[in-house]
Amino acid sequence: MAEKAKMIIDKNVRIAEIDNRMYGSFIEHLGRAVYTGIYQPGHPSADADGFRNDVIELVKELDVPIIRYPGGNYVSNFFWEDSVGPKEQRRKRLDLAWRSLESNEFGLQEFSAWCRKVNSEIMMAVNLGTRGTADALNLLEYCNLDTDSRYAELRRKHGVIKPYGIKVWCLGNEMDGQWQMGHKNAVEYGRLAAETAKAMKKMDDSIELVVCGSSNADMDTFPQWEASVLEESYEYVDYISLHQYYGNRSNDTADYLAKTQELENFLHSVIAACDFVKAKKRSKKNINLSFDEWNVWYHSKDQDDTEMNERPWQMAPHLLEDIYNFEDAVLNGLILITFLKHSDRIKIACLAQLVNVIAPIMTETEGPAWRQTIFYPFFHVSKYGRGTALKSLLSTGVHDTREHAGVTDIEAAAVYNEERDEVTIFAVNRNTMENIPFEADVRSFAGYRVKEYLAMESEDMKRVNSAKEERVRPYKKEQYCMNDGILETVLKKCSWNVIRLGR
Ligand code: AHR
């Protein structure tokens, strides 16, 4: 048997209050996320607005407090005026990002109505690719102002009397990427972001703004991009974005599950860049992190390239429909644990995306909605990971993988919810060879016992779910014991574990 891993938590040793917006997600006008995803008039489960109720129910299960919209790469050639007002007058547009045809049948008004049904707020992005400051201001006026002026008046004319009151705004998307319509270098973008932010806050000083960080940690310009962009925009913005997708391209599970080591480095570097600029500017304010795109994304990539190149300008094509397996769910659990450990700086995060497009929820056009494997770790952390993140002491064995050295066998985080009088431990054993005995010292939580232990375990790393069968799902685990505030169990190799303790 492998060396025992030991965790100690204390209710008074804390990292931060977790911002619920860490459990956000993302809907882009891409593939079937909107059309035949959240919106499908005529589907047996559709309500009077054409929203699929089966999808609404699953989104409500995930309890997503904020949803980024309408892109993504899509936003960099987005003409918002085409997506509002009477539906019969809306015109079709070419979406250059995904080489698709956008009908604009579903727009801001519909998205806002849908968000109300799933209890989410909108996180809106403005087009700083092919458009700029003036357009961002027009959209902000349309959404948030109640003045006697052109765009506020237009919204009222469209039947929306009360402003939408959107609080969080993204200043473009992945502007460092060559693939982005209107891509810019760091200083060009930093200046544009600063001037747009300044003007937007002059119009509505209640909003919060997210400036674009790098598209991923492998960009050649990372992390100089972050430093240069913030040097221009520091005083006007509140968050910097991070995006990162992972994949098991070399089909090496151990190495794949080690990738949150890279995520740790990414987070440390972005925080360092923010704090470097803070020091340089003698500023008192912190820039926090908006990790507004994260997930696994690789299964569908080759197929998507063929689809976009050979059959462009379709409406709602099948794009980015990754089918996730068991190991992808474990990796997502590891990512969520990493976020909890950095919840002092990550205030917003968006699982990218929510429905059909690299998503935890899939729909059959002629059939039901269903849960992918990755649904569950997100569901658990969103449900039981609200409250205060505790700083844990963890001693665990380490192993080496093909590209990573000193990889911890066990990764774990704990969240204390004082209101519910409950503490939840989230733990992954990412050792692919060995089950590992695990001990958690929770003596500072006097009188607590295990209320529920949920685990996801599998011998088959490639096991997937489908509309017909949910083969990957958690089960209630009974193999543990608890005496005098010490919990003992064995974490199965490659497993996701949720241990809920309370009185
Ligand atoms: O989420 C899919 C795409 O990934 C987004 O449109 C873009 O921002 C990122 O490259």
# chains A, B, ... in the order shown; residues from 1 in each chain; ligands from 1
>>> residues_around(residues="stretch 137-151 of chain A", least_positions_apart="6", cutoff="7 Å", atoms="only C-alpha atoms", output="list of chain:residue names")
A:Pro163, A:Tyr164, A:Gly165, A:Ile166, A:Met200
>>> select_by_dssp(residues="stretch 91-275 of chain A", states="alpha helix (DSSP H)", output="ChimeraX atom specification")
/A:108-117,133-144,150-157,186-203,224-233,253-257,260-275
>>> residues_around(residues="A:Gly502", least_positions_apart="5", cutoff="7 Å", atoms="only C-alpha atoms", output="list of chain:residue names")
A:Asp421, A:Glu422, A:Val423, A:Tyr448, A:Arg449, A:Val450, A:Lys451
>>> residues_near_ligand(ligand="ligand 1", cutoff="9 Å", atoms="only C-alpha atoms and all ligand atoms", output="PyMOL selection string")
chain A and resi 26-30+71-75+97-98+173-174+177+179-180+215-216+243-245+292-295+297+320+352-353+357-358
>>> atom_distance(atom1="atom CA of A:Glu364", atom2="atom CA of A:Leu101")
20.7 Å
>>> residues_around(residues="A:Gln261", least_positions_apart="4", cutoff="8 Å", atoms="only C-alpha atoms", output="list in words")
Asn265, His404 and Val407 of chain A
>>> closest_residue(among="A:Met7, A:Ala16, A:Val59, A:Ala217", to="A:Gly387", atoms="only C-alpha atoms")
A:Ala16
>>> closest_residue(among="A:Tyr234, A:Tyr246, A:Phe78, A:Tyr475", to="A:Asp275", atoms="only C-alpha atoms")
A:Tyr234
>>> closest_residue(among="A:His318, A:Lys87, A:Arg402, A:Lys92", to="A:His158", atoms="only C-alpha atoms")
A:Lys87
>>> residues_around(residues="A:Ala446", least_positions_apart="4", cutoff="10 Å", atoms="only C-alpha atoms", output="list in words")
Val442, Asp484, Gly485, Gly502 and Arg503 of chain A
>>> write_last_selection(atoms="N, CA and C atoms", output="CSV table (one decimal), in the first residue's frame")
chain,number,residue,atom,x,y,z
A,442,VAL,N,-9.7,16.9,11.2
A,442,VAL,CA,-10.7,18.0,11.3
A,442,VAL,C,-11.1,18.3,12.7
A,484,ASP,N,-12.7,10.6,16.8
A,484,ASP,CA,-12.1,11.8,17.5
A,484,ASP,C,-11.6,12.8,16.5
A,485,GLY,N,-12.4,13.1,15.5
A,485,GLY,CA,-12.1,14.2,14.6
A,485,GLY,C,-11.0,13.8,13.5
A,502,GLY,N,-20.5,17.5,8.8
A,502,GLY,CA,-21.3,18.4,9.6
A,502,GLY,C,-21.7,17.8,10.9
A,503,ARG,N,-22.6,18.5,11.6
A,503,ARG,CA,-23.0,17.9,12.8
A,503,ARG,C,-24.2,16.9,12.6
>>> closest_residue(among="A:Asn435, A:Lys11, A:Tyr236, A:Ser76", to="A:Lys202", atoms="only C-alpha atoms")
A:Tyr236
>>> atom_distance(atom1="atom CA of A:Arg52", atom2="atom CA of A:Phe106")
13.2 Å
>>> closest_residue(among="A:Ala279, A:Ala136, A:Ala227, A:Cys350", to="A:Lys198", atoms="only C-alpha atoms")
A:Ala136
>>> select_by_dssp(residues="stretch 234-329 of chain A", states="strand (DSSP E or B)", output="MDAnalysis selection string")
chainID A and resid 239:246 288:296 314:315 325
>>> write_last_selection(atoms="C-alpha atoms", output="tab-separated table (two decimals), in the first residue's frame")
chain	number	residue	atom	x	y	z
A	239	TYR	CA	-9.86	42.11	-13.37
A	240	ILE	CA	-7.55	40.56	-15.91
A	241	SER	CA	-8.73	37.52	-17.85
A	242	LEU	CA	-7.05	34.13	-18.05
A	243	HIS	CA	-8.00	31.41	-20.53
A	244	GLN	CA	-6.67	27.85	-20.58
A	245	TYR	CA	-7.79	24.59	-22.15
A	246	TYR	CA	-6.14	21.21	-21.64
A	288	ASN	CA	-8.01	40.29	-9.40
A	289	LEU	CA	-8.35	37.38	-11.79
A	290	SER	CA	-11.24	36.47	-14.04
A	291	PHE	CA	-10.47	32.96	-15.28
A	292	ASP	CA	-13.22	33.32	-17.82
A	293	GLU	CA	-12.46	30.34	-20.06
A	294	TRP	CA	-11.29	27.00	-18.70
A	295	ASN	CA	-11.95	23.39	-19.57
A	296	VAL	CA	-10.71	20.41	-21.55
A	314	GLN	CA	-23.99	26.89	-41.96
A	315	MET	CA	-26.43	27.86	-39.23
A	325	ASN	CA	-14.47	10.84	-20.69
>>> closest_residue(among="A:Gly107, A:Gly42, A:Gly247, A:Gly190", to="A:Val84", atoms="only C-alpha atoms")
A:Gly107
>>> residues_around(residues="stretch 488-498 of chain A", least_positions_apart="5", cutoff="8 Å", atoms="only C-alpha atoms", output="MDAnalysis selection string")
chainID A and resid 327 330 333 377 380 424:440 453:458 479:482
>>> atom_distance(atom1="atom CA of A:Leu319", atom2="atom CA of A:Ile67")
19.9 Å
